[in-house]
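Listing of work.csv, CSV, C-alpha atoms
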chain,number,residue,atom,x,y,z
P,5,MET,CA,-22.9,12.1,1.2
P,6,GLY,CA,-25.7,12.3,-1.4
P,7,ASN,CA,-28.4,9.6,-1.6
P,8,ALA,CA,-26.3,7.1,0.3
P,9,GLY,CA,-25.1,9.7,2.9
P,10,PRO,CA,-26.5,11.2,6.1
P,11,ASP,CA,-28.1,14.0,4.1
P,12,LYS,CA,-30.1,11.4,2.1
P,13,GLY,CA,-29.5,13.4,-1.0
P,14,LYS,CA,-31.0,16.6,0.3
P,15,GLY,CA,-27.7,18.4,0.6
P,16,GLY,CA,-26.1,20.0,3.7
P,17,LYS,CA,-23.0,21.3,5.2
P,18,PHE,CA,-20.1,18.8,5.7
P,19,LEU,CA,-17.2,19.6,8.0
P,20,PHE,CA,-13.9,17.8,7.8
P,21,LEU,CA,-11.7,18.2,10.8
P,22,PRO,CA,-7.9,17.7,10.7
P,23,PRO,CA,-5.7,15.6,13.0
P,24,GLY,CA,-5.2,17.3,16.4
P,25,TYR,CA,-8.2,19.6,16.1
P,26,THR,CA,-9.1,20.8,19.6
P,27,CYS,CA,-11.3,23.9,19.0
P,28,ASP,CA,-15.1,23.9,19.4
P,29,VAL,CA,-17.1,22.1,16.7
P,30,PRO,CA,-19.8,24.3,15.4
P,31,GLN,CA,-23.4,23.1,15.1
P,32,GLY,CA,-25.3,22.4,11.9
P,33,TYR,CA,-22.7,20.3,10.1
P,34,TYR,CA,-22.2,16.6,9.3
P,35,VAL,CA,-18.8,16.2,10.9
P,36,PHE,CA,-16.0,13.9,9.9
P,37,LYS,CA,-12.6,13.6,11.6
P,38,SER,CA,-9.7,12.8,9.3
P,39,ARG,CA,-6.4,11.0,10.3
P,40,THR,CA,-4.6,12.9,7.5
P,41,PHE,CA,-4.1,16.5,6.5
P,42,GLY,CA,-4.4,15.7,2.8
P,43,ASN,CA,-7.8,14.6,1.5
P,44,ALA,CA,-9.6,14.2,-1.8
P,45,PHE,CA,-13.3,14.7,-2.5
P,46,PHE,CA,-15.1,13.0,-5.3
P,47,THR,CA,-18.7,13.4,-6.4
P,48,ARG,CA,-20.7,12.4,-9.5
P,49,GLY,CA,-23.5,13.9,-11.4
P,50,PHE,CA,-25.8,12.0,-13.7
P,51,LEU,CA,-26.4,12.7,-17.4
P,52,VAL,CA,-29.9,14.0,-18.4
P,53,ASN,CA,-30.8,12.6,-21.8
P,54,GLY,CA,-27.2,12.0,-22.4
P,55,ASP,CA,-26.2,15.6,-21.5
P,56,PRO,CA,-23.8,16.4,-18.7
P,57,GLY,CA,-24.8,20.1,-18.7
P,58,PRO,CA,-27.5,20.0,-16.0
P,59,ALA,CA,-25.2,18.2,-13.5
P,60,VAL,CA,-22.4,20.7,-14.3
P,61,GLU,CA,-24.8,23.6,-13.7
P,62,SER,CA,-26.0,22.1,-10.5
P,63,PHE,CA,-22.5,21.8,-9.2
P,64,HIS,CA,-21.7,25.4,-10.2
P,65,GLN,CA,-24.8,26.6,-8.4
P,66,THR,CA,-24.8,24.6,-5.2
P,67,MET,CA,-21.4,23.2,-4.3
P,68,ARG,CA,-18.9,25.2,-2.3
P,69,SER,CA,-15.6,24.2,-0.6
P,70,TYR,CA,-13.8,26.5,1.8
P,71,PRO,CA,-11.9,26.7,5.1
P,72,LEU,CA,-14.1,26.7,8.3
P,73,SER,CA,-12.5,30.1,9.0
P,74,GLU,CA,-14.4,31.5,6.0
P,75,ALA,CA,-17.8,30.0,6.9
P,76,ALA,CA,-19.3,33.5,7.4
P,77,ASN,CA,-17.9,34.8,4.1
P,78,PRO,CA,-16.7,32.0,1.7
P,79,HIS,CA,-14.5,32.9,-1.2
P,80,PRO,CA,-16.0,32.5,-4.7
P,81,ALA,CA,-16.0,28.9,-6.0
P,82,LYS,CA,-13.5,28.1,-8.8
P,83,PHE,CA,-14.2,25.2,-11.2
P,84,VAL,CA,-11.6,23.9,-13.6
P,85,ASN,CA,-12.7,21.8,-16.6
P,86,LEU,CA,-10.2,19.0,-17.2
P,87,SER,CA,-12.3,17.2,-19.9
P,88,GLY,CA,-10.2,16.4,-22.9
P,89,LYS,CA,-6.9,17.2,-21.1
P,90,ALA,CA,-4.1,14.7,-20.9
P,91,PHE,CA,-2.8,14.0,-17.4
P,92,ASN,CA,-1.5,11.1,-15.4
P,93,THR,CA,-3.4,9.9,-12.3
P,94,ILE,CA,-1.6,6.5,-12.0
P,95,GLY,CA,0.6,5.7,-9.1
P,96,ALA,CA,4.2,4.8,-10.1
P,97,ASN,CA,5.1,1.2,-10.7
P,98,ASP,CA,8.9,1.7,-10.8
P,99,TYR,CA,11.4,2.9,-8.1
P,100,SER,CA,9.8,6.3,-7.9
P,101,PHE,CA,6.8,4.5,-6.1
P,102,TYR,CA,8.9,4.6,-2.9
P,103,GLU,CA,9.6,8.3,-3.4
P,104,GLU,CA,5.8,8.9,-3.6
P,105,VAL,CA,5.2,6.9,-0.5
P,106,ASN,CA,8.0,8.8,1.4
P,107,GLN,CA,6.4,12.1,0.4
P,108,VAL,CA,3.1,11.0,2.0
P,109,VAL,CA,4.9,9.8,5.2
P,110,GLN,CA,6.7,13.1,5.5
P,111,GLU,CA,3.5,15.2,5.0
P,112,GLU,CA,1.1,13.4,7.3
P,113,PRO,CA,1.0,12.8,11.0
P,114,ALA,CA,3.1,10.0,12.3
P,115,ASP,CA,0.1,8.1,13.6
P,116,SER,CA,-2.0,8.4,10.4
P,117,GLU,CA,-1.1,4.8,9.5
P,118,SER,CA,-0.8,1.7,11.6
P,119,PRO,CA,2.5,0.9,13.4
P,120,GLU,CA,2.6,-2.4,11.4
P,121,LEU,CA,2.7,-0.5,8.0
P,122,LEU,CA,5.0,2.2,9.3
P,123,GLY,CA,7.3,-0.6,10.5
P,124,GLN,CA,7.5,-2.1,7.0
P,125,LEU,CA,8.4,1.3,5.6
P,126,LEU,CA,11.0,1.8,8.3
P,127,ALA,CA,12.7,-1.5,7.3
P,128,ILE,CA,13.4,0.0,3.8
P,129,GLY,CA,14.5,3.4,5.1
P,130,ILE,CA,11.2,5.4,5.0
P,131,GLN,CA,10.6,7.2,8.3
P,132,LYS,CA,8.9,10.5,9.2
P,133,GLY,CA,11.4,13.3,9.8
P,134,GLN,CA,14.3,11.3,8.2
P,135,PRO,CA,15.7,11.6,4.7
P,136,PHE,CA,15.0,8.6,2.4
P,137,ALA,CA,18.4,8.0,0.8
P,138,PRO,CA,18.9,4.3,-0.1
P,139,ASP,CA,22.3,3.3,-1.4
P,140,GLU,CA,22.6,1.7,-4.9
P,141,ARG,CA,22.3,-1.8,-3.5
P,142,MET,CA,18.9,-1.0,-1.8
P,143,LYS,CA,17.7,0.9,-4.9
P,144,LYS,CA,18.2,-2.2,-7.0
P,145,ILE,CA,16.4,-4.3,-4.4
P,146,LEU,CA,13.5,-1.9,-4.4
P,147,THR,CA,13.4,-1.6,-8.1
P,148,ASP,CA,13.0,-5.4,-8.4
P,149,ALA,CA,10.5,-5.5,-5.6
P,150,VAL,CA,8.1,-2.9,-7.1
P,151,ALA,CA,8.2,-4.9,-10.4
P,152,VAL,CA,7.3,-8.1,-8.6
P,153,GLY,CA,4.6,-6.2,-6.6
P,154,ASN,CA,3.1,-4.8,-9.7
P,155,ALA,CA,3.0,-8.1,-11.5
P,156,THR,CA,1.5,-9.8,-8.4
P,157,ALA,CA,-1.2,-7.2,-8.1
P,158,ARG,CA,-2.1,-7.6,-11.8
P,159,SER,CA,-2.4,-11.3,-11.4
P,160,ILE,CA,-4.6,-10.9,-8.3
P,161,GLU,CA,-6.7,-8.3,-10.1
P,162,PHE,CA,-7.5,-9.9,-13.4
P,163,ARG,CA,-7.7,-13.6,-12.5
P,164,PRO,CA,-8.7,-13.9,-8.8
P,165,ARG,CA,-8.2,-17.3,-7.2
P,166,ASP,CA,-10.8,-16.8,-4.4
P,167,LYS,CA,-14.1,-18.1,-5.7
P,168,ALA,CA,-15.9,-15.8,-3.3
P,169,ASN,CA,-14.9,-12.9,-5.5
P,170,TYR,CA,-17.0,-14.1,-8.4
P,171,THR,CA,-20.5,-12.6,-8.6
P,172,TYR,CA,-22.1,-15.7,-10.2
P,173,PRO,CA,-20.8,-19.3,-9.9
P,174,GLY,CA,-18.9,-20.4,-13.0
P,175,ARG,CA,-19.1,-16.9,-14.6
P,176,ALA,CA,-16.4,-14.3,-15.4
P,177,TRP,CA,-17.9,-11.4,-13.5
P,178,PHE,CA,-16.3,-10.5,-10.2
P,179,MET,CA,-16.1,-8.0,-7.4
P,180,PRO,CA,-13.6,-7.9,-4.5
P,181,THR,CA,-15.1,-9.4,-1.3
P,182,GLY,CA,-14.7,-8.3,2.3
P,183,PHE,CA,-17.0,-5.3,2.4
P,184,TYR,CA,-15.2,-2.0,2.1
P,185,GLN,CA,-12.7,-2.7,5.0
P,186,PHE,CA,-11.8,-6.1,3.5
P,187,LEU,CA,-12.3,-8.0,6.8
P,188,ASP,CA,-13.2,-11.6,7.4
P,189,ASN,CA,-13.8,-12.1,11.2
P,190,GLU,CA,-11.4,-9.2,11.8
P,191,ALA,CA,-8.7,-10.7,9.6
P,192,ARG,CA,-7.6,-8.4,6.7
P,193,MET,CA,-8.2,-10.0,3.3
P,194,LEU,CA,-5.0,-8.8,1.7
P,195,ASP,CA,-5.8,-10.1,-1.8
P,196,ALA,CA,-9.2,-8.5,-1.9
P,197,ARG,CA,-7.8,-5.2,-0.7
P,198,THR,CA,-5.1,-5.4,-3.4
P,199,MET,CA,-7.8,-6.2,-6.1
P,200,PHE,CA,-9.7,-3.1,-5.1
P,201,PHE,CA,-7.0,-0.5,-4.7
P,202,TYR,CA,-4.8,-1.6,-7.6
P,203,ALA,CA,-7.6,-0.9,-10.1
P,204,TYR,CA,-10.1,1.4,-8.5
P,205,THR,CA,-8.0,3.7,-6.2
P,206,GLY,CA,-10.7,4.5,-3.6
P,207,VAL,CA,-13.6,2.7,-1.9
P,208,THR,CA,-16.8,3.7,-0.2
P,209,PRO,CA,-19.5,1.7,1.6
P,210,ALA,CA,-22.0,3.0,-1.0
P,211,MET,CA,-20.3,0.7,-3.6
P,212,VAL,CA,-21.0,-2.5,-1.6
P,213,LEU,CA,-23.9,-1.9,0.8
P,214,LYS,CA,-27.3,-3.3,-0.2
P,215,MET,CA,-29.4,-0.2,-0.6
P,216,VAL,CA,-32.2,-0.8,-3.1
P,217,GLY,CA,-32.6,2.1,-5.5
P,218,ILE,CA,-29.7,4.0,-3.9
P,219,GLY,CA,-26.0,4.2,-4.6
P,220,SER,CA,-24.3,2.0,-7.2
P,221,GLN,CA,-23.2,-1.6,-7.8
P,222,TYR,CA,-20.5,-3.0,-10.1
P,223,ALA,CA,-19.4,-6.2,-11.8
P,224,ILE,CA,-16.0,-6.5,-13.4
P,225,ALA,CA,-14.9,-8.9,-16.2
P,226,ALA,CA,-11.4,-9.4,-17.6
P,227,LEU,CA,-12.0,-12.9,-19.2
P,228,ASP,CA,-14.2,-14.1,-22.0
P,229,SER,CA,-16.7,-17.0,-21.8
P,230,GLU,CA,-13.9,-19.4,-22.6
P,231,ASN,CA,-11.8,-18.1,-19.7
P,232,ASN,CA,-9.3,-16.3,-21.9
P,233,TYR,CA,-8.1,-12.7,-21.3
P,234,LEU,CA,-9.9,-10.1,-23.4
P,235,ASP,CA,-7.8,-9.2,-26.5
P,236,GLY,CA,-8.1,-5.8,-28.1
P,237,GLY,CA,-7.5,-7.3,-31.5
P,238,LYS,CA,-10.5,-9.7,-31.4
P,239,ASN,CA,-14.3,-9.2,-31.6
P,240,TYR,CA,-16.7,-10.0,-28.8
P,241,LYS,CA,-20.4,-9.7,-27.9
P,242,LEU,CA,-22.1,-9.3,-24.6
P,243,ASN,CA,-25.8,-9.7,-23.9
P,244,ILE,CA,-27.4,-7.5,-21.4
P,245,PRO,CA,-30.8,-9.2,-20.6
P,246,ALA,CA,-34.1,-7.2,-20.6
P,247,ASN,CA,-35.0,-5.0,-17.8
P,248,PRO,CA,-31.6,-4.2,-16.3
P,249,PRO,CA,-32.2,-3.6,-12.6
P,250,ALA,CA,-31.2,0.0,-12.4
P,251,LYS,CA,-33.5,2.8,-11.1
P,252,ASN,CA,-31.2,5.5,-12.6
P,253,PHE,CA,-29.2,3.9,-15.5
P,254,TRP,CA,-26.7,1.2,-16.4
P,255,SER,CA,-23.5,1.3,-18.4
P,256,ILE,CA,-20.6,-0.8,-19.7
P,257,ILE,CA,-17.2,0.9,-19.8
P,258,VAL,CA,-14.0,-0.5,-21.2
P,259,TYR,CA,-10.7,0.0,-19.4
P,260,ASP,CA,-7.0,-0.4,-20.2
P,261,THR,CA,-5.4,-3.2,-18.1
P,262,GLN,CA,-2.1,-1.3,-17.9
P,263,THR,CA,-3.4,2.1,-16.8
P,264,ARG,CA,-6.7,0.9,-15.2
P,265,SER,CA,-8.1,4.0,-16.8
P,266,MET,CA,-10.7,4.3,-19.6
P,267,LEU,CA,-9.2,2.8,-22.8
P,268,GLN,CA,-8.1,5.6,-25.2
P,269,THR,CA,-9.5,5.1,-28.7
P,270,ASP,CA,-11.0,7.1,-31.5
P,271,GLN,CA,-14.3,7.1,-29.5
P,272,GLN,CA,-14.6,10.0,-27.1
P,273,PHE,CA,-16.0,7.7,-24.4
P,274,PRO,CA,-15.4,3.9,-24.5
P,275,SER,CA,-18.8,3.1,-23.1
P,276,ARG,CA,-22.4,2.2,-24.0
P,277,GLY,CA,-25.5,2.0,-21.8
P,278,ALA,CA,-28.9,3.3,-21.0
P,279,ASN,CA,-28.0,6.9,-21.8
P,280,THR,CA,-26.3,6.1,-25.1
P,281,SER,CA,-28.1,7.9,-27.9
P,282,GLY,CA,-29.5,5.5,-30.5
P,283,ILE,CA,-28.6,2.3,-28.7
P,284,GLN,CA,-30.4,-0.6,-30.3
P,285,LYS,CA,-32.6,-2.9,-28.2
P,286,ASN,CA,-33.4,-6.5,-29.3
P,287,ALA,CA,-37.0,-7.7,-29.8
P,288,ASP,CA,-36.9,-9.4,-26.4
P,289,GLY,CA,-35.9,-6.2,-24.6
P,290,SER,CA,-32.2,-7.2,-24.2
P,291,TYR,CA,-29.2,-5.4,-25.6
P,292,ASP,CA,-26.2,-6.8,-27.4
P,293,ILE,CA,-23.0,-4.8,-26.8
P,294,TYR,CA,-20.1,-5.4,-29.2
P,295,PHE,CA,-16.3,-5.0,-28.6
P,296,GLY,CA,-13.6,-4.9,-31.2
P,297,PRO,CA,-11.3,-2.8,-33.4
P,298,LYS,CA,-14.1,-2.1,-35.9
P,299,ALA,CA,-17.8,-1.8,-35.5
P,300,PRO,CA,-20.1,-4.6,-36.9
P,301,VAL,CA,-22.1,-3.3,-39.8
P,302,GLY,CA,-25.3,-1.7,-38.5
P,303,LYS,CA,-24.3,-2.1,-34.9
P,304,GLU,CA,-22.3,1.1,-34.5
P,305,SER,CA,-24.5,2.5,-31.7
P,306,ASN,CA,-23.9,-0.7,-29.6
P,307,TRP,CA,-20.2,-1.0,-30.3
P,308,ILE,CA,-17.2,-0.1,-28.0
P,309,GLN,CA,-13.8,0.2,-29.8
P,310,THR,CA,-10.8,-1.8,-28.6
P,311,VAL,CA,-7.1,-1.6,-29.6
P,312,PRO,CA,-5.1,-4.4,-31.2
P,313,GLY,CA,-2.2,-5.4,-29.1
P,314,LYS,CA,-3.8,-4.1,-25.8
P,315,GLY,CA,-5.6,-6.0,-23.2
P,316,TRP,CA,-8.8,-4.6,-21.7
P,317,PHE,CA,-11.4,-5.2,-19.0
P,318,THR,CA,-14.8,-3.9,-18.5
P,319,ILE,CA,-17.1,-2.8,-15.7
P,320,LEU,CA,-20.9,-3.1,-15.6
P,321,ARG,CA,-22.2,-0.2,-13.6
P,322,ILE,CA,-25.7,-0.2,-12.1
P,323,TYR,CA,-26.9,3.1,-10.6
P,324,GLY,CA,-29.8,2.8,-8.3
P,325,PRO,CA,-29.6,-1.0,-8.1
P,326,LEU,CA,-33.0,-2.8,-7.7
P,327,GLU,CA,-33.8,-6.1,-6.0
P,328,PRO,CA,-33.2,-8.4,-9.0
P,329,TRP,CA,-29.5,-7.3,-8.9
P,330,PHE,CA,-29.1,-8.3,-5.3
P,331,ASN,CA,-31.0,-11.6,-5.4
P,332,LYS,CA,-29.3,-12.4,-8.7
P,333,THR,CA,-32.5,-13.2,-10.6
P,334,TRP,CA,-31.1,-10.9,-13.3
P,335,GLN,CA,-27.6,-11.7,-14.6
P,336,PRO,CA,-25.6,-10.3,-17.5
P,337,GLY,CA,-24.2,-12.7,-20.0
P,338,ASP,CA,-20.5,-13.5,-20.3
P,339,ILE,CA,-18.4,-11.8,-23.0
P,340,ALA,CA,-18.3,-14.2,-25.9
P,341,LEU,CA,-15.7,-14.3,-28.7
P,342,VAL,CA,-17.2,-13.7,-32.1
P,343,LYS,CA,-15.7,-16.4,-34.3
Can you dump the structure from the file as structure tokens?
Amino acid sequence: MGNAGPDKGKGGKFLFLPPGYTCDVPQGYYVFKSRTFGNAFFTRGFLVNGDPGPAVESFHQTMRSYPLSEAANPHPAKFVNLSGKAFNTIGANDYSFYEEVNQVVQEEPADSESPELLGQLLAIGIQKGQPFAPDERMKKILTDAVAVGNATARSIEFRPRDKANYTYPGRAWFMPTGFYQFLDNEARMLDARTMFFYAYTGVTPAMVLKMVGIGSQYAIAALDSENNYLDGGKNYKLNIPANPPAKNFWSIIVYDTQTRSMLQTDQQFPSRGANTSGIQKNADGSYDIYFGPKAPVGKESNWIQTVPGKGWFTILRIYGPLEPWFNKTWQPGDIALVK
């Protein structure tokens, strides 16, 4: 939905139908059929002169979510502000991972996943309608397996071997390949899928389709210009060349490699970009972004804080990407260690 959706950013009514729905489908909706009962909806509002207020107000005034049975008289909308609250959104990477998976299997229809995946779960004792009760031997095996799986996913994520994932030849910036379904001639690209979901949770065609001036595009970096992992105790510099190809805005955000969430530091937001108040532009129109535990003198407005002893990675986000992004005539620099 939105600019990249069927409503073309003009708004509309969207209807999500559950598995097994057999009643009449009313007219006047953009209709989507879900294989699962549980769903999550994400939307994003842009800052206006660095202020989130207009977007928040727009959501309050225009966005409603309610059961179809209430269409004639929807209940009042309730918005909960979680900004500044501490909470965990990360899937488990210990034995409890399997308990989380079992919960989903029990809650959802038996055909909501492929027989192949359900067969793998069956082999370790997870089956719809049956208790998940592994003995101590199986618990030990699963505990070891999830540790290996987590380490494997991290390796795939932060130093991909497939050269096709790299946005520019010989550079550190990357993005998982295989479109949003991770297919190559109908073969599932398992590493590419792992790269995406381990770090970014969800995917949408709008993140990868070429739509000039619409949607968003991303480039990710976890290595410096010397092919070393980014170290929170060291200082780095990144050059963003003049005229970033973004119709709306661009930003650089720093993430924690352990949580894959924004790095928690003394800064409220670990990011800099076109909407950053007071950001300094070079004489040639480019921007230098600095990373490190302490800000370089005089460069505070262009600095993102990192944490000694913690690894980090960054995402360059382009909102409303323009043609120079797609034809790669515009390219960001690599992140260089300041020695």
With a cut-off of 12 Å, could you pull out the residues of stretch 15-115 of chain P touching stretch 182-206 of chain P and give me the nearest pair of atoms for each, distance in Å to one decimal, using all atoms listed in the file, ordered by chain and ascending number, as a tab-separated table?
residue	atom	partner	partner_atom	distance
P:Asn43	CA	P:Gly206	CA	11.7
P:Ala44	CA	P:Gly206	CA	9.9
P:Phe45	CA	P:Gly206	CA	10.6
P:Phe46	CA	P:Gly206	CA	9.7
P:Thr93	CA	P:Thr205	CA	9.8
P:Ile94	CA	P:Thr205	CA	9.1
P:Gly95	CA	P:Tyr202	CA	9.2
P:Ala96	CA	P:Tyr202	CA	11.3
P:Asn97	CA	P:Tyr202	CA	10.7
*Counting all atoms listed in the file, write as a ChimeraX atom specification all protein and nucleic acid residues lying at most 10 Å from (14.5, 1.0, -3.1) in the file's frame.*
/P:98-103,128-130,136-150
*Extract, using all atoms listed in the file, all DNA, RNA and protein residues at most 7 Å from P:Met179, discarding same-chain residues fewer than 3 positions from it, and format them as a ChimeraX atom specification.*
/P:169-171,223-224
Proximity of stretch 242-274 of chain P to stretch 324-327 of chain P: per-residue shortest pair, 8 Å limit, only C-alpha atoms, as a Markdown table:
| residue | atom | partner | partner_atom | distance |
| --- | --- | --- | --- | --- |
| P:Pro249 | CA | P:Leu326 | CA | 5.0 |
| P:Ala250 | CA | P:Pro325 | CA | 4.7 |
| P:Lys251 | CA | P:Gly324 | CA | 4.6 |
| P:Asn252 | CA | P:Gly324 | CA | 5.3 |
| P:Phe253 | CA | P:Gly324 | CA | 7.3 |
*asked:* Tell me which residues come within 12 Å of (-25.0, 0.9, -3.2), as JSON, numbers by chain, counting all atoms listed in the file in the file's coordinates.
replied: {"P": [6, 7, 8, 9, 183, 184, 207, 208, 209, 210, 211, 212, 213, 214, 215, 216, 217, 218, 219, 220, 221, 222, 250, 251, 321, 322, 323, 324, 325, 326, 327, 329, 330]}
Dump of C-alpha atoms for the selected residues, as a short mmCIF file (atom, residue, chain, number, x, y, z; two decimals), keeping the file's coordinate frame:
data_model
loop_
_atom_site.label_atom_id
_atom_site.label_comp_id
_atom_site.auth_asym_id
_atom_site.auth_seq_id
_atom_site.Cartn_x
_atom_site.Cartn_y
_atom_site.Cartn_z
CA GLY P 6 -25.70 12.30 -1.40
CA ASN P 7 -28.40 9.60 -1.60
CA ALA P 8 -26.30 7.10 0.30
CA GLY P 9 -25.10 9.70 2.90
CA PHE P 183 -17.00 -5.30 2.40
CA TYR P 184 -15.20 -2.00 2.10
CA VAL P 207 -13.60 2.70 -1.90
CA THR P 208 -16.80 3.70 -0.20
CA PRO P 209 -19.50 1.70 1.60
CA ALA P 210 -22.00 3.00 -1.00
CA MET P 211 -20.30 0.70 -3.60
CA VAL P 212 -21.00 -2.50 -1.60
CA LEU P 213 -23.90 -1.90 0.80
CA LYS P 214 -27.30 -3.30 -0.20
CA MET P 215 -29.40 -0.20 -0.60
CA VAL P 216 -32.20 -0.80 -3.10
CA GLY P 217 -32.60 2.10 -5.50
CA ILE P 218 -29.70 4.00 -3.90
CA GLY P 219 -26.00 4.20 -4.60
CA SER P 220 -24.30 2.00 -7.20
CA GLN P 221 -23.20 -1.60 -7.80
CA TYR P 222 -20.50 -3.00 -10.10
CA ALA P 250 -31.20 0.00 -12.40
CA LYS P 251 -33.50 2.80 -11.10
CA ARG P 321 -22.20 -0.20 -13.60
CA ILE P 322 -25.70 -0.20 -12.10
CA TYR P 323 -26.90 3.10 -10.60
CA GLY P 324 -29.80 2.80 -8.30
CA PRO P 325 -29.60 -1.00 -8.10
CA LEU P 326 -33.00 -2.80 -7.70
CA GLU P 327 -33.80 -6.10 -6.00
CA TRP P 329 -29.50 -7.30 -8.90
CA PHE P 330 -29.10 -8.30 -5.30
#
*Report the distance between atom CA of P:Leu320 and atom CA of P:Ile256 in Å, rounded to one decimal place.*
4.7 Å
_P:Asn106, P:Ser87, P:Ser290, P:Gln262 ranked by distance to P:Pro56, top pick (using only C-alpha atoms)_ =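 Looking only at the distances to P:Pro56, the closest residue turns out to be P:Ser87.
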Please write out, as lines of an AutoDock Vina configuration file, where the centre of an axis-aligned box around all listed atoms of stretch 173-186 of chain P lies and how long its edges are, in Å to one decimal, after adding 8 Å on each side.
center_x = -16.3
center_y = -11.2
center_z = -5.2
size_x = 25.0
size_y = 34.4
size_z = 36.4
*Option closest in space to P:Ser281, from P:Val35, P:Ala76, P:Leu51, P:Ala168 [counting only C-alpha atoms]*: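 Among the listed residues, the smallest separation from P:Ser281 belongs to P:Leu51.
Using only C-alpha atoms, the contacts of P:Gly133 at a cut-off of 10 Å, with sequence neighbours closer than 6 positions omitted, comprise Val109, Gln110, Glu111 and Ala114 of chain P.
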*Which neighbours of stretch 225-240 of chain P fall inside 10 Å, counting all atoms listed in the file, when residues of the same chain fewer than 6 positions from it are skipped, and could you give them as a VMD selection string?*
chain P and resid 161 to 163 170 174 to 179 258 to 261 293 to 300 307 to 320 337 to 343
*Point-to-point distance in Å for atom CA of P:Pro248 and atom CA of P:Ile160*: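 So the two atoms, atom CA of P:Ile160 and atom CA of P:Pro248, lie 28.9 Å apart.
Closest to P:Asp292 among P:Gln131, P:Gln335, P:Asn243, P:Thr66 is P:Asn243, based on only C-alpha atoms.
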As a short mmCIF file (atom, residue, chain, number, x, y, z; two decimals) with C-alpha atoms, in the frame of the given file, please: the residues near P:Gly16 (cut-off 9 Å, all atoms listed in the file, same-chain neighbours under 6 positions excluded).
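New file around-v8.cif:
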data_model
loop_
_atom_site.label_atom_id
_atom_site.label_comp_id
_atom_site.auth_asym_id
_atom_site.auth_seq_id
_atom_site.Cartn_x
_atom_site.Cartn_y
_atom_site.Cartn_z
CA MET P 5 -22.90 12.10 1.20
CA GLY P 32 -25.30 22.40 11.90
CA TYR P 33 -22.70 20.30 10.10
CA TYR P 34 -22.20 16.60 9.30
#
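The nearest approach to P:Asn85 among the residues P:Val52, P:Val60, P:Cys27, P:Ala155, with only C-alpha atoms taken into account, belongs to P:Val60.
With distances restricted to all atoms listed in the file, P:Gln65 is the closest residue to P:Lys82 from P:Gln65, P:Thr269, P:Leu125, P:Ser305.
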